[in-house]
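Structure record follows, encoded as structure tokens.
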Amino acid sequence: MAIPENKLAFGDGWQYSPAPESIDHIKVRKKYDLFIGGDFVAPVKGRYFETINPATEERLSRVGLGTELDVDKAVAAARKAYSSWSRMKAAERGKYVYRIARILQERAREFAAIESLDGGKPIRESRDVDIPLAAAHFFYYAGWADKLDYAFPGRTARPLGVAGQIIPWNFPLLMAAWKIAPALACGNTVVLKPAETTPLTAMKLAEVVADAGLPPGVVNIVTGAGDTGAAIVNHPGVDKIAFTGSTAVGRIIQKALAGTNKRYTLELGGKAANIIFADAAIDQAVEGIVNGIFFNQGHVCCAGSRLLVQESVADQVIQKLKDRMDTLIVGDPLDKNTDIGAINSAAQLETIESYLAIGEEEGAELYQSACPVPDRGYWCRPTLFTGVSQSNRVVQEEIFGPVLAIQTFRTFSEALSKANNTRYGLSGGVWTDKGAKIFKITQNVRAGVVWANTFNKFDPTSPFGGYKESGVGREGGLHGLDAYLKLEA
Amino acid sequence: MAVSAVNAMHRLPDLSRVPVVDEVGVNERVARFQTRSIKSASKIEALKLILSMIDLTTLEGQDTPGKVRQLCQKAIHLHDSMPGLPHVAAVCVYPTMVGIAREALQGRDINIASVATGFPSGQAPLSVKLEETRLAVESGANEIDMVISRGAFLAGNYQLVFDEIMAIKEACGDAHLKVILETGELGTLDRVRRASVLAMHAGADFIKTSTGKIQPAATMQVTLVMLQAIRDYFYETGRMVGMKPAGGISQSKLAVHYLVMLRETLGNAWMTPEWFRFGASSLANDVLMQLQKQATGVYQSADYFSKD
């Protein structure tokens with residue numbers, strides 16, 4: 001193909017009218033207490049914090065600020081519930097988990113709208129990805145509850161006890177499901193702390209847990225910020241810590257747990273290489289790049305944030321990518337046509353913007369689509385950096401926003417070496433028409449997940465987790481059970 | 001036009017360099033177009049645009065002059081009780097009916113498209129195809145919808161298909177040439193993409209999915225692959241080529257999704273009847289019903305719209 005010169009125009013002409021998802025049917029209380037021992041109870045010190053809509057900066061609700069005292073109560077409730085829950089007939093335990101899954105499906109529209117309101121993600125994603133997948137995780141692990149002996153033949157599977165679970169703000173309900181579903185199915189009880197900026201769907205999940213009739217104390221949800229999480233990590237009554245979040249916090253947790261008897265799984269950051277070979281189906285690969293980095297505003301630990309494209313097709317791929325980016329709609333998360341919603345918080349927007357400045361200082365060329373963004377709220381247009389090198393911070397560090405760093409490569413071994421030259425190892429992608437190349441990449445890229453000719457596909461049956469600074473342990477699938485069980489001979 | 005573009009137009013390109021197509025990825029992209037929610041003002045605008053892009057078609061063995069005249073009346077008077085409607089882009093008929101259509105559309109800004117070249121199978125000698133094309137143009141057709149020789153294409157005889165299109169293009173004179181790939185007989189999206197590239201390089205003004213006589217006819221999948229081929233050709237040469245999905249599009253909702261696909265693949269420049277057509281016979285009435293619904297809030301019985 002010749003050097004690209006002809007540009008398509010997407011700005012004017014026929015535009016899509018607003019198509020907002022109705023929110024008349026959803027119920028968000030003005031104030032949420034903590035969910036401990038089957039009841040909503042006020043935090044001991046009586047303090048609350050606000051959760052806002054990042055698309056409007058308006059307050060949605062106030063949520064209890066849990067302290068050590070509340071965590072202590074929650075762990076005690078979980079401990080108390082554990083003795084009967086862990087001895088309950090496994091099939092019965094499974095029924096409760098199935099019930100949560102079904103109620104989530106029934107109330108999917110409400111959950112999707114609240115997820116978009118509180119977190120800023122487009123309704124298309126919360127409706128089509130987050131909520132259905134969360135329900136799927138409960139369904140999947142419910143099925144395992146009475147089959148654990150078959151999951152690990154020849155060994156006796158026993159629950160661990162009380163699991164402390166700390167989850168991030170990028171997939172609030174889905175991460176809660178990833179944590180709670182296997183823990184319950186294996187006979188553990190839990191104390192869950194949702195992220196500070198996105199507590200609402202977790203509190204709605206507390207209502208579901210209550211509606212499903214789970215015995216009091218099996219699921220406890222304590223909202224709060226970093227100190228609340230630390231209180232869970234350091235609590236002597238907790239047998240296992242499951243954390244998803246930043247590598248920086250993961251490091252603190254691992255230090256705190258050193259020398260204790262607590263088991264832990266950590267799912268941390270990533271800087272995945274998405275590798276496009278010249279023989280790939282280019283138009284579908286461009287779509288995969290978009291799904292890899294702009295899905296959920298790039299707030300995805302396994303995002304394909306580094307694009308490695310073979311030099312003979314690089315110009316073509318970048319041209320097509322830029323044209324595709326011009327069709328992405330940034331704006332109201334509740335609009336059904338929105339592709340990229342609001343950045344989750346002012347703090348995260350600041351982080352992303354600091355990286356945009358760093359990239360330009362490092363000499364990279366920045367490209368952003370020209371789409372309009374609303375005046376209020378936190379927004380970042382889809383962004384590309386070209387002309388970057390392995391030594392640049394925008395290539396090495398996780399930005400956690402809609403920002404893609406593009407490098408080219410000439411040979412297979414160069415692609416592989418660049419892909420692995422990172423402190424992270426969570427995910428990767430490869431695009432090629434040749435099966436042999438797919439296997440060669442998947443066997444040699446050190447990452448927990450490598451997608452071939454697709455990206456950001458999730459399924460409850462598939463294990464997920466990282467190498468190196470991306471974490472310890474696996475969640476999902478059979479591997480995800482192992483993280484909540486003691487296996488005895 | 002750049003010099004390279006002129007040269008490129010008259011040489012069979014190396015089809016082995018045409019990008020491969022991943023069917024799973026195409027399906028995903030199509031599904032995403034279909035999640036676009038087109039409401040209120042944008043819906044009305046889309047519906048009117050669809051009407052203006054229709055090639056109102058009758059291609060039956062039992063076609064009569066009366067039937068063609070009736071179709072031409074419909075092309076002019078889509079639904080006169082509703083003010084502000086556009087007329088359709090063209091009527092599409094067999095060569096023997098072109099003269100009738102020309103008379104019926106006298107003085108109207110509506111194009112006359114004629115199928116030619118042994119439609120629908122294309123199983124005729126080149127001399128016959130050329131003669132048929134000339135005859136259609138002489139009778140008044142300003143658009144020719146030709147079919148490619150699928151047998152030759154599937155056998156890998158690309159040069160023959162290429163030369164045939166070039167020859168027909170020449171026989172068209174000033175008439176616009178739409179090249180029908182008959183994607184339902186090509187079997188894979190990779191072949192659809194290669195046939196699109198071949199046809200554009202041979203001089204096609206439009207590429208068109210189907211005759212309507214073979215199932216499947218137009219699908220969003222093949223149309224997307226063809227639009228992407230048009231885009232790549234535009235990137236390369238700067239020449240715009242039009243697109244016509246034909247057959248199987250009878251619901252306005254589906255047609256709106258085609259427009260979404262067009263807009264997000266080729267952009268605004270293609271969003272006119274000059275560059276995009278729907279080959280359809282029953283789509284117009286469904287669009288009219290939807291417009292009526294938008295205006296009055298209720299659906300009317302099909303009996304309130306003329307069936308032609």
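Ligands are numbered from 1 in the order shown, residues from 1 within each chain, and chains are lettered A, B, ... in the order they appear in the structure tokens.
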Show me a table, sorted first by chain and then by increasing residue number, of the residues of chain A having an atom at most 6 Å from chain B, each with its shortest atom pair and the distance in Å to one decimal, counting only C-alpha atoms and written as a tab-separated table.
```
residue	atom	partner	partner_atom	distance
A:Ala2	CA	B:Glu236	CA	5.7
A:Pro4	CA	B:Tyr235	CA	5.8
A:Asn6	CA	B:Tyr235	CA	4.9
A:Leu8	CA	B:Gly267	CA	5.9
A:Ala9	CA	B:Gly267	CA	5.2
A:Phe10	CA	B:Gly267	CA	4.8
A:Gly13	CA	B:Asn268	CA	5.9
A:Tyr16	CA	B:Ser42	CA	5.5
A:Ser17	CA	B:Ser42	CA	5.4
A:Ala281	CA	B:Val20	CA	4.8
A:Gln284	CA	B:Gly25	CA	5.3
A:Thr327	CA	B:Glu264	CA	5.8
A:Asn337	CA	B:Arg36	CA	5.5
```
Can I get the selected residues back with C-alpha atoms, as a PDB file, in the first residue's frame?
```pdb
ATOM      1  CA  ALA A   2       1.194   3.506  -0.820  1.00  0.00           C
ATOM      2  CA  PRO A   4      -1.306   7.077   3.291  1.00  0.00           C
ATOM      3  CA  ASN A   6      -6.190  10.599   2.018  1.00  0.00           C
ATOM      4  CA  LEU A   8     -11.698  10.401   5.897  1.00  0.00           C
ATOM      5  CA  ALA A   9     -14.025  12.895   7.580  1.00  0.00           C
ATOM      6  CA  PHE A  10     -16.230  11.930  10.510  1.00  0.00           C
ATOM      7  CA  GLY A  13     -23.090  15.385   8.833  1.00  0.00           C
ATOM      8  CA  TYR A  16     -26.628  10.285  16.618  1.00  0.00           C
ATOM      9  CA  SER A  17     -29.219  11.987  18.817  1.00  0.00           C
ATOM     10  CA  ALA A 281      -6.316  -9.360   9.323  1.00  0.00           C
ATOM     11  CA  GLN A 284      -9.992  -6.653  12.586  1.00  0.00           C
ATOM     12  CA  THR A 327     -15.652   7.644  15.296  1.00  0.00           C
ATOM     13  CA  ASN A 337     -24.073   5.300  22.008  1.00  0.00           C
TER      14      ASN A 337
END
```
- Extract, using only C-alpha atoms, all DNA, RNA and protein residues at most 10 Å from Ser210 of chain B, discarding same-chain residues fewer than 6 positions from it, and format them as a PyMOL selection string. chain B and resi 120+147+179-185+216-219+244-248+279
- Message: For segment 425-441 of chain A, find every residue with an atom within 6 Å (counting only C-alpha atoms), except residues of its own chain fewer than 5 positions away, and show them as a list of chain:residue names.
- Response: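 My list of contacting residues is A:Gly270, A:Ala272, A:Ala273, A:Asn274, A:Ile275, A:Ile276, A:Phe277, A:Asp279, A:Ala280, A:Cys302, A:Arg446, A:Ala447, A:Gly448, A:Val449, A:Val450, A:Trp451, A:Ala452, A:Asn453, A:Gly466, A:Tyr467, A:Lys468, A:Ser470.
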- Task: Select from segment 43-166 of chain B everything DSSP, run on the backbone, classes as alpha helix (DSSP H), then give the selection as number ranges by chain.
- Result: B: 43-52, 65-76, 98-104, 126-139, 150-154, 158-166
How about saving the chosen residues, C-alpha atoms kept, as a PDB file, in the first residue's frame?
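Result saved to result.pdb:
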```pdb
ATOM      1  CA  LYS B  43     -33.763   8.560  13.091  1.00  0.00           C
ATOM      2  CA  ILE B  44     -35.956  10.777  10.921  1.00  0.00           C
ATOM      3  CA  GLU B  45     -32.895  12.124   9.125  1.00  0.00           C
ATOM      4  CA  ALA B  46     -31.673   8.580   8.542  1.00  0.00           C
ATOM      5  CA  LEU B  47     -35.027   7.366   7.223  1.00  0.00           C
ATOM      6  CA  LYS B  48     -35.219  10.196   4.686  1.00  0.00           C
ATOM      7  CA  LEU B  49     -31.653   9.572   3.645  1.00  0.00           C
ATOM      8  CA  ILE B  50     -32.451   5.890   3.137  1.00  0.00           C
ATOM      9  CA  LEU B  51     -35.384   6.769   0.870  1.00  0.00           C
ATOM     10  CA  SER B  52     -33.134   8.967  -1.249  1.00  0.00           C
ATOM     11  CA  PRO B  65     -44.350  -2.256 -19.234  1.00  0.00           C
ATOM     12  CA  GLY B  66     -47.258  -1.551 -16.917  1.00  0.00           C
ATOM     13  CA  LYS B  67     -45.355  -2.825 -13.906  1.00  0.00           C
ATOM     14  CA  VAL B  68     -42.351  -0.681 -14.797  1.00  0.00           C
ATOM     15  CA  ARG B  69     -44.494   2.442 -15.284  1.00  0.00           C
ATOM     16  CA  GLN B  70     -46.106   1.799 -11.926  1.00  0.00           C
ATOM     17  CA  LEU B  71     -42.658   1.504 -10.323  1.00  0.00           C
ATOM     18  CA  CYS B  72     -41.579   4.782 -11.921  1.00  0.00           C
ATOM     19  CA  GLN B  73     -44.659   6.506 -10.518  1.00  0.00           C
ATOM     20  CA  LYS B  74     -43.725   5.199  -7.092  1.00  0.00           C
ATOM     21  CA  ALA B  75     -40.195   6.512  -7.561  1.00  0.00           C
ATOM     22  CA  ILE B  76     -41.592  10.004  -8.192  1.00  0.00           C
ATOM     23  CA  VAL B  98     -35.179   0.855 -19.987  1.00  0.00           C
ATOM     24  CA  GLY B  99     -37.071   2.661 -22.745  1.00  0.00           C
ATOM     25  CA  ILE B 100     -40.347   2.404 -20.818  1.00  0.00           C
ATOM     26  CA  ALA B 101     -38.677   3.753 -17.699  1.00  0.00           C
ATOM     27  CA  ARG B 102     -37.073   6.595 -19.626  1.00  0.00           C
ATOM     28  CA  GLU B 103     -40.451   7.710 -20.899  1.00  0.00           C
ATOM     29  CA  ALA B 104     -42.063   7.391 -17.490  1.00  0.00           C
ATOM     30  CA  LEU B 126     -18.320 -11.174 -23.784  1.00  0.00           C
ATOM     31  CA  SER B 127     -19.600  -9.937 -27.148  1.00  0.00           C
ATOM     32  CA  VAL B 128     -23.182 -10.475 -26.014  1.00  0.00           C
ATOM     33  CA  LYS B 129     -22.463  -8.750 -22.713  1.00  0.00           C
ATOM     34  CA  LEU B 130     -20.985  -5.756 -24.495  1.00  0.00           C
ATOM     35  CA  GLU B 131     -23.880  -5.565 -26.936  1.00  0.00           C
ATOM     36  CA  GLU B 132     -26.396  -5.749 -24.101  1.00  0.00           C
ATOM     37  CA  THR B 133     -24.587  -2.975 -22.238  1.00  0.00           C
ATOM     38  CA  ARG B 134     -24.510  -0.690 -25.291  1.00  0.00           C
ATOM     39  CA  LEU B 135     -28.172  -1.367 -25.939  1.00  0.00           C
ATOM     40  CA  ALA B 136     -29.124  -0.469 -22.379  1.00  0.00           C
ATOM     41  CA  VAL B 137     -27.129   2.750 -22.511  1.00  0.00           C
ATOM     42  CA  GLU B 138     -28.575   3.679 -25.900  1.00  0.00           C
ATOM     43  CA  SER B 139     -32.082   3.079 -24.577  1.00  0.00           C
ATOM     44  CA  ARG B 150     -17.977 -15.818 -10.801  1.00  0.00           C
ATOM     45  CA  GLY B 151     -16.882 -19.054 -12.405  1.00  0.00           C
ATOM     46  CA  ALA B 152     -13.723 -17.441 -13.738  1.00  0.00           C
ATOM     47  CA  PHE B 153     -13.093 -15.625 -10.473  1.00  0.00           C
ATOM     48  CA  LEU B 154     -13.465 -18.787  -8.377  1.00  0.00           C
ATOM     49  CA  TYR B 158      -8.622 -12.951 -12.273  1.00  0.00           C
ATOM     50  CA  GLN B 159      -7.255 -11.419 -15.460  1.00  0.00           C
ATOM     51  CA  LEU B 160     -10.321 -12.510 -17.414  1.00  0.00           C
ATOM     52  CA  VAL B 161     -12.681 -10.982 -14.839  1.00  0.00           C
ATOM     53  CA  PHE B 162     -10.582  -7.822 -14.750  1.00  0.00           C
ATOM     54  CA  ASP B 163     -10.505  -7.444 -18.530  1.00  0.00           C
ATOM     55  CA  GLU B 164     -14.230  -8.067 -18.761  1.00  0.00           C
ATOM     56  CA  ILE B 165     -15.013  -5.294 -16.285  1.00  0.00           C
ATOM     57  CA  MET B 166     -12.661  -2.938 -18.152  1.00  0.00           C
TER      58      MET B 166
END
```
- Query: What's the 8 Å shell around Ala206 of chain A, counting only C-alpha atoms, without same-chain residues fewer than 5 positions away, as a PyMOL selection string?
  - Reply: chain A and resi 35+219-221
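Atom CA of Phe171 of chain A lies 17.9 Å from atom CA of Gly480 of chain A.
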- Message: Using only C-alpha atoms, which protein or nucleic acid residues come within 9 Å of Glu287 of chain A? Drop anything in the same chain fewer than 5 positions from it, and give the result as number ranges by chain.
- Response: A: 282, 292, 321, 324, 454; B: 25, 29
May I have the residues from that selection written out with C-alpha atoms, as a PDB file, in the first residue's frame?
```pdb
ATOM      1  CA  ILE A 282      -5.519  -5.665   9.602  1.00  0.00           C
ATOM      2  CA  GLY A 292      -7.642  -3.464  23.943  1.00  0.00           C
ATOM      3  CA  LEU A 321      -6.515   3.495  13.956  1.00  0.00           C
ATOM      4  CA  ARG A 324     -11.381   4.648  13.841  1.00  0.00           C
ATOM      5  CA  THR A 454      -8.937 -10.936  19.870  1.00  0.00           C
TER       6      THR A 454
ATOM      7  CA  GLY B  25     -13.769 -10.040  14.025  1.00  0.00           C
ATOM      8  CA  ARG B  29     -17.788  -5.284  14.536  1.00  0.00           C
TER       9      ARG B  29
END
```
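If only C-alpha atoms are the atoms counted, then among A:Ala142, A:Ala112, A:Met325, A:Ala278 the closest residue to Asp128 of chain A is A:Ala112.
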- Query: Taking the backbone alone, and naming residues the way the document does, which bits of segment 173-207 of chain B are strand (DSSP E or B) by DSSP, as a VMD selection string?
  - Reply: chain B and resid 176 to 180 206 to 207
- Task: List the neighbours of Ala91 of chain A out to 12 Å using only C-alpha atoms; skip same-chain residues closer than 5 positions along the sequence, and give me the result as a ChimeraX atom specification.
- Result: /A:85-86,96-98,141-148,184-187
Deliver the residues from the most recent selection as a file, using C-alpha atoms, as a PDB file, in the first residue's frame.
```pdb
ATOM      1  CA  TRP A  85     -21.479 -22.048  56.598  1.00  0.00           C
ATOM      2  CA  SER A  86     -18.380 -24.187  56.160  1.00  0.00           C
ATOM      3  CA  TYR A  96     -27.410 -19.702  47.833  1.00  0.00           C
ATOM      4  CA  VAL A  97     -24.759 -18.756  45.294  1.00  0.00           C
ATOM      5  CA  TYR A  98     -27.100 -19.651  42.421  1.00  0.00           C
ATOM      6  CA  TYR A 141     -18.763 -21.121  41.033  1.00  0.00           C
ATOM      7  CA  ALA A 142     -22.181 -22.134  42.342  1.00  0.00           C
ATOM      8  CA  GLY A 143     -21.793 -25.207  40.188  1.00  0.00           C
ATOM      9  CA  TRP A 144     -18.493 -26.120  41.811  1.00  0.00           C
ATOM     10  CA  ALA A 145     -19.772 -25.928  45.407  1.00  0.00           C
ATOM     11  CA  ASP A 146     -20.696 -29.612  45.655  1.00  0.00           C
ATOM     12  CA  LYS A 147     -18.047 -30.871  43.219  1.00  0.00           C
ATOM     13  CA  LEU A 148     -14.853 -29.798  44.942  1.00  0.00           C
ATOM     14  CA  LEU A 184     -18.519 -18.743  49.160  1.00  0.00           C
ATOM     15  CA  ALA A 185     -18.644 -21.811  46.938  1.00  0.00           C
ATOM     16  CA  CYS A 186     -15.595 -23.182  48.755  1.00  0.00           C
ATOM     17  CA  GLY A 187     -17.172 -22.597  52.163  1.00  0.00           C
TER      18      GLY A 187
END
```
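Pairwise distance (atom CA of Ile110 of chain B, atom CA of Ala89 of chain B) equals 5.7 Å.
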- From the list A:Gln105, A:Thr67, A:Gln396, A:Ser312, the nearest residue to Gly229 of chain A using only C-alpha atoms is A:Thr67
